[in-house]
Every structure is written in structure tokens, then in C-alpha cells.
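What follows is the content of my_file-v7.txt (compact mmCIF, C-alpha atoms).
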```txt
# COMPACT_ATOMS: atom_id res chain seq x y z
CA MET A 1 -4.84 -4.62 26.24
CA VAL A 2 -6.75 -6.05 29.24
CA SER A 3 -8.24 -9.42 28.32
CA LEU A 4 -11.97 -9.84 27.88
CA ASP A 5 -12.21 -12.53 30.59
CA HIS A 6 -10.38 -10.33 33.07
CA VAL A 7 -12.63 -7.35 32.40
CA ALA A 8 -15.81 -9.41 32.61
CA HIS A 9 -14.70 -11.11 35.82
CA LYS A 10 -13.82 -7.79 37.42
CA ILE A 11 -17.17 -6.31 36.48
CA LEU A 12 -19.12 -9.28 37.78
CA THR A 13 -17.39 -9.23 41.17
CA TYR A 14 -18.74 -5.81 42.06
CA ILE A 15 -22.08 -5.97 40.22
CA PRO A 16 -24.13 -7.21 43.23
CA TYR A 17 -22.99 -4.36 45.43
CA VAL A 18 -23.49 -1.76 42.74
CA LEU A 19 -26.96 -3.07 42.08
CA VAL A 20 -27.86 -2.90 45.75
CA LEU A 21 -26.96 0.78 45.72
CA ILE A 22 -28.90 1.31 42.52
CA ASP A 23 -31.87 -0.42 44.08
CA MET A 24 -31.98 2.26 46.73
CA ARG A 25 -33.38 4.54 44.05
CA PHE A 26 -36.45 2.33 43.91
CA GLU A 27 -37.16 2.53 47.65
CA GLY A 28 -40.91 2.74 48.15
CA VAL A 29 -41.77 1.74 44.57
CA LYS A 30 -44.81 -0.52 44.58
CA CYS A 31 -44.41 -3.05 41.78
CA GLY A 32 -46.42 -5.88 43.23
CA ARG A 33 -50.12 -6.42 43.26
CA ASP A 34 -50.43 -7.45 46.93
CA ASP A 35 -48.73 -7.00 50.27
CA SER A 36 -47.19 -10.49 50.27
CA VAL A 37 -45.15 -9.71 47.14
CA ASP A 38 -44.04 -6.41 48.63
CA ASN A 39 -43.06 -8.16 51.86
CA HIS A 40 -40.98 -10.75 49.96
CA MET A 41 -39.29 -7.98 47.98
CA GLU A 42 -38.41 -6.03 51.12
CA MET A 43 -37.11 -9.07 52.99
CA GLY A 44 -35.11 -10.27 49.99
CA LYS A 45 -33.52 -6.85 49.62
CA LYS A 46 -32.45 -6.72 53.28
CA LEU A 47 -31.04 -10.25 53.17
CA LEU A 48 -29.12 -9.44 49.96
CA ALA A 49 -27.59 -6.37 51.57
CA ALA A 50 -26.59 -8.54 54.54
CA GLY A 51 -24.96 -11.10 52.24
CA GLN A 52 -27.45 -13.87 53.04
CA LEU A 53 -27.84 -14.83 49.39
CA ALA A 54 -29.69 -18.15 49.70
CA ASP A 55 -32.39 -16.67 51.94
CA ALA A 56 -32.69 -13.61 49.73
CA LEU A 57 -33.10 -15.83 46.68
CA SER A 58 -35.99 -17.68 48.32
CA HIS A 59 -37.91 -14.45 48.92
CA PHE A 60 -37.34 -13.26 45.34
CA HIS A 61 -38.52 -16.64 44.03
CA ALA A 62 -41.73 -16.10 46.01
CA ALA A 63 -42.10 -12.55 44.70
CA VAL A 64 -41.75 -13.73 41.07
CA ASP A 65 -44.28 -16.51 41.66
CA GLY A 66 -46.67 -13.99 43.19
CA ASP A 67 -46.41 -11.46 40.34
CA SER A 68 -45.02 -12.54 36.96
CA ASN A 69 -45.12 -8.92 35.70
CA ASN A 70 -43.05 -7.45 38.51
CA TYR A 71 -39.85 -6.49 36.70
CA MET A 72 -38.12 -5.53 39.97
CA ALA A 73 -38.67 -9.05 41.32
CA PHE A 74 -36.90 -10.54 38.29
CA TYR A 75 -34.19 -7.88 38.45
CA ARG A 76 -33.41 -8.49 42.13
CA ARG A 77 -33.44 -12.26 41.66
CA ALA A 78 -30.93 -11.76 38.81
CA THR A 79 -28.85 -9.69 41.25
CA VAL A 80 -28.69 -12.61 43.66
CA PHE A 81 -27.81 -15.06 40.88
CA LEU A 82 -24.94 -12.80 39.83
CA ALA A 83 -23.72 -12.50 43.40
CA MET A 84 -23.76 -16.30 43.63
CA GLY A 85 -21.80 -16.59 40.38
CA LYS A 86 -24.75 -18.09 38.50
CA SER A 87 -24.65 -15.88 35.44
CA ARG A 88 -26.53 -18.35 33.24
CA SER A 89 -29.47 -18.25 35.65
CA ALA A 90 -29.32 -14.46 35.81
CA LEU A 91 -29.48 -13.98 32.04
CA PRO A 92 -33.14 -15.13 31.56
CA ASP A 93 -34.25 -12.92 34.46
CA LEU A 94 -32.49 -9.88 32.98
CA SER A 95 -34.11 -10.59 29.63
CA LYS A 96 -37.51 -10.72 31.35
CA VAL A 97 -36.81 -7.36 33.01
CA ILE A 98 -36.01 -5.79 29.63
CA GLU A 99 -39.12 -7.37 28.13
CA LEU A 100 -41.27 -5.80 30.87
CA LYS A 101 -39.35 -2.49 31.00
CA PRO A 102 -37.26 -1.85 27.86
CA ASP A 103 -35.75 1.40 29.19
CA PHE A 104 -34.29 -0.24 32.33
CA THR A 105 -30.66 0.88 31.88
CA SER A 106 -29.03 -1.23 34.59
CA ALA A 107 -30.62 -4.45 33.32
CA ARG A 108 -29.41 -3.76 29.78
CA LEU A 109 -25.89 -3.06 31.01
CA GLN A 110 -25.76 -6.26 33.03
CA ARG A 111 -27.22 -8.39 30.25
CA GLY A 112 -24.83 -6.80 27.76
CA ASN A 113 -21.87 -7.73 29.96
CA LEU A 114 -23.07 -11.31 30.36
CA LEU A 115 -23.53 -11.64 26.60
CA LEU A 116 -20.09 -10.12 26.09
CA LYS A 117 -18.54 -12.71 28.42
CA GLN A 118 -20.23 -15.50 26.46
CA GLY A 119 -18.85 -14.12 23.18
CA ARG A 120 -22.29 -13.17 21.87
CA LEU A 121 -20.95 -9.87 20.57
CA ASP A 122 -23.76 -8.81 18.26
CA GLU A 123 -26.35 -9.24 21.03
CA ALA A 124 -24.13 -7.43 23.53
CA GLU A 125 -23.64 -4.53 21.13
CA SER A 126 -27.40 -4.29 20.67
CA ASP A 127 -27.87 -3.85 24.44
CA PHE A 128 -25.05 -1.35 24.76
CA LYS A 129 -26.42 0.72 21.88
CA LYS A 130 -29.75 1.01 23.69
CA VAL A 131 -28.22 2.21 26.95
CA THR A 132 -29.81 5.57 27.65
CA CYS A 133 -27.42 6.87 30.30
CA VAL A 134 -24.66 7.68 27.81
CA TRP A 135 -23.28 10.24 30.27
CA ASP A 136 -22.24 7.44 32.60
CA VAL A 137 -18.51 6.67 32.41
CA SER A 138 -18.75 2.98 33.27
CA SER A 139 -21.40 2.29 30.63
CA ARG A 140 -19.30 3.90 27.87
CA GLU A 141 -16.26 1.92 28.96
CA MET A 142 -18.27 -1.29 28.86
CA ARG A 143 -19.61 -0.53 25.41
CA ALA A 144 -16.13 0.42 24.18
CA GLU A 145 -14.86 -2.97 25.31
CA CYS A 146 -17.61 -4.61 23.30
CA PHE A 147 -16.71 -2.58 20.21
CA ILE A 148 -13.04 -3.51 20.59
CA GLN A 149 -13.90 -7.21 20.65
CA MET A 150 -16.05 -6.70 17.53
CA GLU A 151 -13.14 -4.80 15.88
CA GLU A 152 -15.33 -1.74 15.35
CA MET A 153 -12.48 0.53 16.36
CA GLY A 154 -14.05 3.81 15.27
CA LYS A 155 -16.98 3.30 17.66
CA ALA A 156 -14.64 2.17 20.45
CA ILE A 157 -12.52 5.31 19.99
CA SER A 158 -15.63 7.49 20.23
CA ASP A 159 -16.69 5.91 23.54
CA LEU A 160 -13.21 5.95 25.05
CA LYS A 161 -12.69 9.60 24.15
CA ALA A 162 -15.97 10.37 25.87
CA THR A 163 -14.88 8.56 29.05
CA SER A 164 -11.47 10.30 29.05
CA LYS A 165 -13.24 13.68 28.93
CA LEU A 166 -15.76 12.78 31.62
CA LYS A 167 -13.11 11.33 33.87
CA ASN A 168 -9.86 13.26 33.54
CA ASP A 169 -7.78 10.71 35.45
CA ASN A 170 -8.89 7.73 33.35
CA THR A 171 -5.47 6.30 32.46
CA GLN A 172 -7.00 3.07 31.23
CA ALA A 173 -9.05 4.92 28.61
CA PHE A 174 -5.91 6.63 27.28
CA TYR A 175 -4.05 3.31 27.24
CA LYS A 176 -6.81 1.60 25.29
CA LEU A 177 -7.02 4.53 22.86
CA SER A 178 -3.28 4.26 22.26
CA THR A 179 -3.44 0.52 21.60
CA ILE A 180 -6.38 0.95 19.22
CA TYR A 181 -4.60 3.63 17.18
CA TYR A 182 -1.53 1.40 17.14
CA LYS A 183 -3.50 -1.52 15.73
CA LEU A 184 -4.91 0.81 13.09
CA GLY A 185 -1.38 1.83 12.06
CA ASP A 186 -1.62 5.44 13.32
CA HIS A 187 1.65 5.65 15.21
CA GLU A 188 1.45 9.40 15.83
CA MET A 189 -2.00 9.32 17.46
CA SER A 190 -0.96 6.24 19.43
CA LEU A 191 2.05 8.13 20.76
CA ASN A 192 -0.10 11.14 21.71
CA GLU A 193 -2.58 9.04 23.71
CA VAL A 194 0.02 6.99 25.58
CA ARG A 195 1.79 10.23 26.55
CA GLU A 196 -1.49 11.46 28.06
CA CYS A 197 -1.63 8.26 30.09
CA LEU A 198 1.91 8.79 31.40
CA LYS A 199 1.17 12.40 32.29
CA LEU A 200 -1.52 11.12 34.66
CA ASP A 201 0.53 8.20 35.95
CA PRO A 202 4.27 8.10 35.08
CA ASP A 203 4.55 4.69 36.73
CA HIS A 204 1.74 3.06 34.73
CA LYS A 205 3.42 -0.21 33.64
CA GLN A 206 1.25 -0.93 30.61
CA CYS A 207 1.51 2.63 29.29
CA TYR A 208 5.27 2.84 29.83
CA SER A 209 5.92 -0.47 28.06
CA HIS A 210 3.66 0.51 25.17
CA TYR A 211 5.24 3.99 25.01
CA LYS A 212 8.73 2.54 24.44
CA GLN A 213 7.46 0.40 21.55
CA VAL A 214 5.52 3.22 19.87
CA LYS A 215 8.33 5.73 20.31
CA LYS A 216 10.87 3.38 18.70
CA LEU A 217 8.59 2.68 15.75
CA ASN A 218 7.69 6.36 15.31
CA LYS A 219 11.37 7.34 15.24
CA GLN A 220 12.17 4.70 12.59
CA ILE A 221 9.33 5.84 10.33
CA GLN A 222 10.26 9.53 10.63
CA SER A 223 13.90 8.71 9.87
CA ALA A 224 12.91 6.65 6.80
CA GLU A 225 10.76 9.49 5.46
CA GLU A 226 13.63 11.96 5.87
CA LEU A 227 15.87 9.65 3.85
CA ILE A 228 13.27 9.53 1.06
CA GLN A 229 13.11 13.35 1.03
CA GLU A 230 16.91 13.39 0.69
CA HIS A 231 16.67 10.87 -2.22
CA ARG A 232 18.69 8.34 -0.21
CA TYR A 233 16.42 5.58 -1.36
CA GLU A 234 18.51 2.53 -0.52
CA ASP A 235 18.98 3.77 3.05
CA ALA A 236 15.24 4.40 3.27
CA VAL A 237 14.56 0.83 2.16
CA SER A 238 16.82 -0.49 4.93
CA LYS A 239 15.10 1.70 7.51
CA TYR A 240 11.63 0.49 6.52
CA GLU A 241 12.85 -3.10 6.62
CA ALA A 242 13.81 -2.35 10.24
CA VAL A 243 10.24 -1.11 10.85
CA MET A 244 8.89 -4.51 9.79
CA LYS A 245 11.25 -6.22 12.24
CA THR A 246 10.24 -3.86 15.05
CA GLU A 247 6.53 -4.59 14.55
CA PRO A 248 5.94 -7.75 12.50
CA ASN A 249 2.51 -8.52 13.97
CA VAL A 250 0.54 -5.36 13.16
CA GLN A 251 -0.43 -5.54 9.49
CA PRO A 252 -0.94 -1.78 8.88
CA PHE A 253 2.71 -1.11 9.76
CA SER A 254 3.99 -3.96 7.58
CA LEU A 255 1.83 -2.69 4.75
CA LEU A 256 3.03 0.90 5.24
CA ALA A 257 6.67 -0.23 5.21
CA LYS A 258 6.25 -2.27 2.03
CA GLN A 259 4.37 0.54 0.30
CA ARG A 260 7.15 3.05 1.09
CA ILE A 261 9.83 0.53 0.03
CA CYS A 262 7.91 0.14 -3.22
CA HIS A 263 8.02 3.94 -3.65
CA ALA A 264 11.74 4.19 -2.89
CA LEU A 265 12.62 1.42 -5.34
CA SER A 266 10.47 2.99 -8.04
CA GLN A 267 12.12 6.38 -7.53
CA SER A 268 15.60 4.82 -7.69
CA GLN A 269 14.59 2.96 -10.90
CA GLN A 270 15.18 -0.49 -9.44
CA THR A 271 12.44 -1.72 -11.72
CA SER A 272 12.21 -5.43 -11.00
CA ARG A 273 12.39 -5.06 -7.23
CA ALA A 274 9.87 -2.20 -7.31
CA ILE A 275 7.33 -4.20 -9.33
CA SER A 276 7.71 -7.19 -6.99
CA VAL A 277 7.26 -5.22 -3.74
CA CYS A 278 4.44 -3.07 -5.12
CA SER A 279 2.63 -6.20 -6.31
CA ASP A 280 2.97 -7.67 -2.82
CA VAL A 281 1.32 -4.57 -1.35
CA LEU A 282 -1.51 -4.69 -3.88
CA GLN A 283 -2.26 -8.34 -3.12
CA THR A 284 -3.17 -7.26 0.40
CA ASP A 285 -4.64 -3.86 -0.49
CA PRO A 286 -5.79 -3.78 -4.15
CA GLU A 287 -7.04 -0.18 -3.83
CA ASN A 288 -3.76 1.27 -2.56
CA VAL A 289 -3.41 4.27 -4.88
CA SER A 290 0.19 5.03 -3.88
CA ALA A 291 1.31 1.48 -4.68
CA LEU A 292 -0.59 1.56 -7.98
CA LYS A 293 1.14 4.79 -9.03
CA ASP A 294 4.58 3.54 -8.00
CA ARG A 295 4.15 0.22 -9.79
CA ALA A 296 2.89 2.04 -12.89
CA GLU A 297 6.05 4.17 -12.86
CA ALA A 298 8.19 1.03 -12.56
CA TYR A 299 6.30 -0.53 -15.49
CA LEU A 300 7.03 2.58 -17.58
CA GLN A 301 10.71 2.30 -16.75
CA ASP A 302 10.56 -1.33 -17.90
CA GLU A 303 8.67 -0.30 -21.09
CA GLN A 304 5.63 -2.36 -20.02
CA TYR A 305 3.27 0.35 -21.18
CA ASP A 306 0.05 -1.71 -21.21
CA GLU A 307 0.57 -2.73 -17.58
CA ALA A 308 1.32 0.86 -16.58
CA ILE A 309 -1.90 2.06 -18.23
CA LYS A 310 -3.91 -0.58 -16.33
CA ASP A 311 -2.46 0.53 -13.00
CA TYR A 312 -3.09 4.22 -13.68
CA GLU A 313 -6.67 3.49 -14.76
CA THR A 314 -7.28 1.47 -11.58
CA ALA A 315 -5.77 4.24 -9.45
CA GLY A 316 -8.02 6.75 -11.19
CA LYS A 317 -11.13 4.83 -10.10
CA HIS A 318 -10.13 5.23 -6.45
CA SER A 319 -8.66 8.75 -6.69
CA GLU A 320 -10.60 10.67 -9.32
CA ASN A 321 -8.98 14.09 -8.90
CA ASP A 322 -5.39 12.90 -8.49
CA ARG A 323 -3.26 14.97 -10.86
CA GLN A 324 -0.36 12.50 -10.73
CA VAL A 325 -2.67 9.73 -11.90
CA SER A 326 -4.10 11.71 -14.84
CA GLU A 327 -0.67 12.94 -15.96
CA GLY A 328 0.84 9.48 -15.54
CA LEU A 329 -1.93 7.89 -17.60
CA GLU A 330 -1.44 10.41 -20.43
CA ARG A 331 2.31 9.78 -20.41
CA ALA A 332 1.85 6.00 -20.45
CA GLN A 333 -0.59 6.19 -23.36
CA ARG A 334 1.77 8.47 -25.29
CA LEU A 335 4.75 6.18 -24.71
CA LEU A 336 2.70 3.16 -25.75
CA LYS A 337 1.76 4.90 -28.99
CA GLN A 338 5.37 5.83 -29.68
CA SER A 339 6.57 2.31 -28.91
CA GLN A 340 4.29 0.94 -31.61
CA LYS A 341 6.16 2.93 -34.21
CA ARG A 342 9.78 2.83 -35.26
CA ASP A 343 11.94 5.36 -33.49
CA TYR A 344 14.62 6.29 -36.01
CA TYR A 345 16.65 8.17 -33.44
CA LYS A 346 16.69 5.06 -31.27
CA ILE A 347 17.60 2.82 -34.23
CA LEU A 348 20.72 4.90 -34.91
CA GLY A 349 21.38 5.55 -31.21
CA VAL A 350 21.45 9.33 -31.53
CA LYS A 351 19.67 12.12 -29.68
CA ARG A 352 16.81 14.08 -31.19
CA THR A 353 19.09 17.09 -31.29
CA ALA A 354 21.80 15.25 -33.30
CA GLN A 355 23.32 17.07 -36.29
CA LYS A 356 23.49 15.56 -39.81
CA LYS A 357 27.17 14.65 -39.52
CA GLU A 358 26.54 12.77 -36.28
CA ILE A 359 23.62 10.91 -37.89
CA ILE A 360 25.69 9.85 -40.91
CA LYS A 361 28.56 8.71 -38.68
CA ALA A 362 26.20 6.56 -36.57
CA TYR A 363 24.58 5.19 -39.74
CA ARG A 364 27.88 4.09 -41.29
CA LYS A 365 28.97 2.33 -38.12
CA LEU A 366 25.71 0.39 -37.78
CA ALA A 367 25.45 -0.37 -41.50
CA GLN A 368 28.88 -1.94 -41.41
CA GLN A 369 27.97 -3.93 -38.28
CA TRP A 370 24.68 -5.25 -39.70
CA HIS A 371 25.71 -5.73 -43.32
CA PRO A 372 24.00 -8.98 -44.43
CA ASP A 373 27.24 -10.26 -45.98
CA ASN A 374 28.61 -10.56 -42.44
CA PHE A 375 26.26 -13.45 -41.72
CA GLN A 376 26.31 -16.96 -43.21
CA ASP A 377 23.46 -18.62 -41.28
CA PRO A 378 20.17 -18.10 -43.22
CA GLU A 379 18.21 -17.10 -40.13
CA GLU A 380 20.87 -14.68 -38.94
CA LYS A 381 21.19 -13.22 -42.46
CA LYS A 382 17.42 -12.68 -42.58
CA LYS A 383 17.51 -10.90 -39.22
CA ALA A 384 20.45 -8.76 -40.37
CA GLU A 385 18.63 -7.77 -43.58
CA LYS A 386 15.65 -6.51 -41.55
CA LYS A 387 17.93 -4.62 -39.18
CA PHE A 388 19.88 -3.20 -42.12
CA ILE A 389 16.68 -1.92 -43.78
CA ASP A 390 15.71 -0.13 -40.55
CA ILE A 391 19.17 1.48 -40.36
CA VAL A 392 19.03 2.67 -43.98
CA GLN A 393 15.50 4.05 -43.56
CA ALA A 394 16.49 5.84 -40.33
CA LYS A 395 19.35 7.53 -42.18
CA GLU A 396 17.06 8.38 -45.09
CA VAL A 397 14.47 10.05 -42.84
CA LEU A 398 16.80 11.86 -40.46
CA THR A 399 19.06 13.33 -43.14
CA ASP A 400 16.11 14.68 -45.13
CA PRO A 401 14.89 17.94 -43.47
CA GLU A 402 11.29 17.55 -44.66
CA MET A 403 10.92 13.90 -43.61
CA ARG A 404 12.67 14.54 -40.29
CA THR A 405 10.23 17.35 -39.46
CA LYS A 406 7.27 15.08 -40.21
CA PHE A 407 8.71 12.35 -37.97
CA ASP A 408 9.32 14.80 -35.12
CA HIS A 409 5.61 15.68 -35.30
CA GLY A 410 4.52 12.08 -34.86
CA GLU A 411 4.27 10.99 -38.52
CA ASP A 412 6.40 8.16 -39.94
CA PRO A 413 7.26 8.98 -43.58
CA MET A 414 8.23 5.33 -44.12
CA ASP A 415 4.95 3.93 -42.79
CA PRO A 416 2.89 2.52 -45.70
CA GLN A 417 -0.29 3.40 -43.80
CA SER A 418 0.71 7.03 -43.53
CA GLN A 419 -1.04 8.95 -46.30
CA GLN A 420 1.49 11.72 -46.37
CA GLY A 421 4.52 9.45 -46.52
CA HIS A 422 3.00 6.67 -48.63
CA HIS A 423 4.33 7.64 -52.07
CA HIS A 424 7.92 8.17 -50.96
CA HIS A 425 7.95 4.89 -49.07
CA GLN A 426 6.70 2.93 -52.08
CA HIS A 427 9.32 4.50 -54.30
CA PHE A 428 12.02 3.80 -51.74
CA HIS A 429 11.04 0.17 -51.27
CA GLN A 430 10.57 -0.59 -54.97
CA GLY A 431 14.10 0.48 -55.68
CA PHE A 432 15.62 -1.05 -52.57
CA GLN A 433 16.67 -4.31 -54.19
CA GLY A 434 18.95 -2.33 -56.46
CA PHE A 435 20.05 0.07 -53.77
CA ASN A 436 23.44 -0.20 -52.14
CA PRO A 437 24.69 2.57 -49.91
CA PHE A 438 28.24 1.43 -50.64
CA GLY A 439 27.93 1.37 -54.42
CA SER A 440 27.97 -2.41 -55.17
CA GLY A 441 25.25 -4.74 -56.52
CA PRO A 442 21.96 -5.76 -54.90
CA PHE A 443 22.68 -7.44 -51.54
CA ASN A 444 26.14 -8.35 -52.74
CA PHE A 445 27.74 -5.74 -50.53
CA LYS A 446 31.40 -4.94 -50.71
CA PHE A 447 32.89 -2.62 -48.13
CA ASN A 448 34.82 0.22 -49.67
CA PHE A 449 35.01 2.96 -47.06
CA ASN A 450 37.22 5.96 -47.48
```

So that I can check it, write out the structure of this file as C-alpha cells.
Amino acid sequence: MVSLDHVAHKILTYIPYVLVLIDMRFEGVKCGRDDSVDNHMEMGKKLLAAGQLADALSHFHAAVDGDSNNYMAFYRRATVFLAMGKSRSALPDLSKVIELKPDFTSARLQRGNLLLKQGRLDEAESDFKKVTCVWDVSSREMRAECFIQMEEMGKAISDLKATSKLKNDNTQAFYKLSTIYYKLGDHEMSLNEVRECLKLDPDHKQCYSHYKQVKKLNKQIQSAEELIQEHRYEDAVSKYEAVMKTEPNVQPFSLLAKQRICHALSQSQQTSRAISVCSDVLQTDPENVSALKDRAEAYLQDEQYDEAIKDYETAGKHSENDRQVSEGLERAQRLLKQSQKRDYYKILGVKRTAQKKEIIKAYRKLAQQWHPDNFQDPEEKKKAEKKFIDIVQAKEVLTDPEMRTKFDHGEDPMDPQSQQGHHHHQHFHQGFQGFNPFGSGPFNFKFNFN
């Protein structure tokens, strides 16, 4: 992008001559109150056109002294100051012109440019906004430059698009549009605009250099997305890591790459890596719905149900009608509820479709493994007893058709807080101290398998 100082300097070098031409529109206008003021104005104008700046300045000084309300006297004196490179002296005169005649377009444009050069962006924007000749190409370009410096890219785009339409060969407008879209992370629009620039001027150095960069980045992103569609997630991660190396200085592209890496890792169930990368994205962009959904999915895979619910709820606040968010939240809440209860199928390590013989076989294997007599250390024996009780209860529930049906419908027959299963559980537990699935005394187990 052309630097601010360069643009301002270029503008200021031709301002005096442009203003002289503009002044021709005011030929014959009588702004003074007496002939002496008019004579000074006419002489100053002729001397300015002839390049005799010091003499012209003297006449405009006299005109201002003769009529302090003559806005043209202040305006033409400002013109001489600008031609002499005295922009600080010109600024008060331009302000006086605008005070006397608020709709004086040229004065606003010149003051806006001077303020822009001094870095007084808010004041410059205020002048540019009040420019009435919005049809004028140069004024829109000037205002666009101001918006770019203020990082109000949407407004800059609007002005630059207007100038590109008004002036079909405006390569600089297309170049600036391309660089703005690039900074915003819109690689496709950036590529479109820089191509328009090269259509007008294939040898445009800035556009050609920028085109190569955008084209390379665009190709990498398209390739990475194709790999994700093909479920080649690890390759997609590598490709997006290459994107970050291609353009490390434009944050939207780094953020896009990390967000898509987060998605690929979540889809490939690389839980820890996914949570880490997604969290990195959300530190920079807390409202990134895609990253929230992907991290929530990774949390579910890691059985961190509370964290998954939080992410889905946050995503829902920023994307109210997102079906994936609502379905994901319901699933996370359901899994959390299930995780708070004992899963007898999981305890025995069998599927929900397992037959009775398969259940009994799994039970015998685990009961033998976790038999309390296998452990001598008091703490380990206590842990084994608890595990053994869970194994016995799992076998009891899953081999009883009535209790298994209740459990499959979300009710735990062994839960003391379950009204329907309360009586059986009490009976089971009261007799447990005398119960031995292998036929020997209470907790004095002897293995005697057939």
C-alpha cells in the first residue's frame, strides 16, 4: 500500500495549480467591500499564476486586512502558503474559509488532507464526510485513504469501489481494494480485485507482486479444504500450517488456519491437540462459533461433559438458530446425565446388544480378576470390594429381563433413590454380606470354577 506520507506529499505538490484552475470558476465574483480589496485579489491571483509567490502573498495579506469576512481572500492566501510549503500557515486560513463558507468543498478537501498528514484522523474524516462533491473521483480517493488509516475498511471499500466505477482505468483503486480485502482475510475477493488491476495494466509492479502472494495463499487454502472434505485430516493440518508460514503477519489468515486445524483435529478425534488449538483460537476470538463447536466436540470425546455444555451454550448465544449447536447441546446434556449413573454394560465391557451367555462370561472373568481375596493391602482390598460389588450388580441387572429393560429406559434398578428399584436394591444389599457368587462364606472367597 502507498504510504501516507507519500500520498500527502504528492497531493500537496499539485494543490496550488489545481486551486488556481478552480479559482477560475470564481472569476468576477465580488467578495470584497471596496475596490482596493478587489484590486489586491486580482493582482495576487495573477502573481500566483505566474509563480511569483512572495508578491502574491503580500497582496492577499492586504486583501485579508481590508476585509476579514472575505473567504476568498483567506482561501487564496492559503493557496500561496501551500505552494510555498507552509502547510501549518495554510491550515488556519482554510479553517477560516470553512467558518465563513461551510459548503466550500475545495477548502474542506485541502484542510482534510493537511489534517490527514498531521495524523489528526478524526478531524480529517469529519471534513471528508462533509465533502459535497461525492461524484468527484479525487475526493473519494482522498477520503478512502483517510478511512484506511483509521482502519475503517468498510467505508474505504465503499469509496474505492465508487472511484473504480467512475474511472475505469483506476488501477490504484483496484490495488488498494485488493490489499484491504487481504488484510480482512478475504483471499477470494482480494484475488478478484488484483486481477482487475492486472487486466488494466499487466505490468503494474505492485499488483503483480501482490497477485503472486494472494494466488499462492488462495491455492493452499483451497487444497486444505479439499483434504478436509476427503477426511484426510492430518494432511489438512499440514496444509493449514503452511498457510500460516505463507502469511504470518495478517491475523485473519492465522486465525482461519488455526480454526480449521482445530476442526480437523476434532474430526480425527485427536482430543488433546484439538482442545489446545481451539482454545488458542478462542483466546483471540471468543465468539468464534466454529471453534466453540469443535472444542465442545473434543470435550465430549474426552468425557468432559460440563465443559462441552458450556461451549455449546456460548455458541448458542452467538448463533441462535444453529442446528448443530442445539443438537450438540442436547447430546452433551444427555451424556452428562448418563455419566452420573452407573453404566452396567460399561462395567462388564459388553455391548448393549450382548446376549445372556456373553454377559455371564464377562462377569465371571471380571469377578475373578477383582475378587477381594486377591488383594492384601487394606486400601487395595477396599477398592477391589467396591469394584466387585459393581460387577455383581451389573450381572444381576443385565441377566434379569425386567431389570435390564428398566435400565435400558434410563432407570437404575440398583439406585436407592429410584422408587421403582428401591425395594429390590435394599433386599440385595441386606443379603450381600452373606452372598457369594462362588458358593463360599461371606468375603472369604474360594475359587472353584468348573

* How many Å lie between CA of Ile275 (chain A) and CA of Ala298 (chain A), rounded to one decimal? -> 6.2 Å

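Comparing the minimum interatomic distances between Phe147 (chain A) and each of A:Leu100, A:Val392, A:Leu82, A:Leu116, counting all atoms listed in the file, we find that A:Leu116 sits nearest.
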
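Straight-line separation from CA of Arg111 (chain A) to CA of Leu91 (chain A): 6.3 Å.
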
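Distance-wise, CA of Arg331 (chain A) and CA of Asp302 (chain A) end up 14.1 Å apart.
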
* **Spatial neighbours of region 152-164 of chain A, max dist 7 Å, all atoms listed in the file, sep filter under 4 positions, as a ChimeraX atom specification** => /A:137,140-141,144,147-148,168,170,173-174,177,180

* Using all atoms listed in the file, what residues lie at most 12 Å away from (19.7, 5.4, -30.1) (file coordinates), given as a count of residues only? -> 20

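Comparing A:Gln376, A:Ala107, A:Tyr175, A:His318 by their smallest distance to Gln206 (chain A), the closest is A:Tyr175 (using only C-alpha atoms).
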
* **Neighbour list for Lys101 (chain A) as a PyMOL selection string, cut-off 10 Å, all atoms listed in the file, skip fewer than 3 positions in-chain** => chain A and resi 69-72+95-98+104-105+107

Can you pull out the residues contacting Ala224 (chain A)? Cut-off 12 Å, using only C-alpha atoms, and skip same-chain residues under 5 positions away; I want them as an mmCIF file with C-alpha atoms, keeping the file's coordinate frame.
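Resulting contents of out_30.cif:
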```cif
data_model
loop_
_atom_site.group_PDB
_atom_site.id
_atom_site.type_symbol
_atom_site.label_atom_id
_atom_site.label_comp_id
_atom_site.auth_asym_id
_atom_site.auth_seq_id
_atom_site.Cartn_x
_atom_site.Cartn_y
_atom_site.Cartn_z
ATOM 1 C CA LEU A 217 8.590 2.680 15.750
ATOM 2 C CA ASN A 218 7.690 6.360 15.310
ATOM 3 C CA LYS A 219 11.370 7.340 15.240
ATOM 4 C CA GLN A 229 13.110 13.350 1.030
ATOM 5 C CA GLU A 230 16.910 13.390 0.690
ATOM 6 C CA HIS A 231 16.670 10.870 -2.220
ATOM 7 C CA ARG A 232 18.690 8.340 -0.210
ATOM 8 C CA TYR A 233 16.420 5.580 -1.360
ATOM 9 C CA GLU A 234 18.510 2.530 -0.520
ATOM 10 C CA ASP A 235 18.980 3.770 3.050
ATOM 11 C CA ALA A 236 15.240 4.400 3.270
ATOM 12 C CA VAL A 237 14.560 0.830 2.160
ATOM 13 C CA SER A 238 16.820 -0.490 4.930
ATOM 14 C CA LYS A 239 15.100 1.700 7.510
ATOM 15 C CA TYR A 240 11.630 0.490 6.520
ATOM 16 C CA GLU A 241 12.850 -3.100 6.620
ATOM 17 C CA ALA A 242 13.810 -2.350 10.240
ATOM 18 C CA VAL A 243 10.240 -1.110 10.850
ATOM 19 C CA LEU A 256 3.030 0.900 5.240
ATOM 20 C CA ALA A 257 6.670 -0.230 5.210
ATOM 21 C CA ARG A 260 7.150 3.050 1.090
ATOM 22 C CA ILE A 261 9.830 0.530 0.030
ATOM 23 C CA HIS A 263 8.020 3.940 -3.650
ATOM 24 C CA ALA A 264 11.740 4.190 -2.890
#
```

* Using all atoms listed in the file, which of the listed residues (A:His210, A:Arg295, A:Lys386, A:Lys183) sits closest to Asn249 (chain A)? -> A:Lys183

* Asked: Do you know which residues are at most 9 Å from Gln259 (chain A) counting all atoms listed in the file, after dropping those on the same chain fewer than 4 positions away, and could you put them as a VMD selection string?
  -> chain A and resid 254 to 255 263 to 264 277 to 278 280 to 282 288 290 to 291 294

* Counting only C-alpha atoms, write as a ChimeraX atom specification all protein and nucleic acid residues lying at most 12 Å from (11.8, 3.2, 19.9) in the file's frame. => /A:187,191,208-223,242-243,246-247

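Nearest-residue note for Arg334 (chain A): choosing from A:Arg77, A:Ile360, A:Ala308, A:Pro286, the minimum distance belongs to A:Ala308, counting only C-alpha atoms.
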
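Distances from A:Leu336, A:Val289, A:Val397, A:Ala62 to Lys317 (chain A) were compared using all atoms listed in the file, and the smallest one belongs to A:Val289.
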
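You can rank A:Glu196, A:Glu385, A:Glu313, A:Glu380 by their closest distance to Gln368 (chain A) using all atoms listed in the file, and at the top of that list sits A:Glu385.
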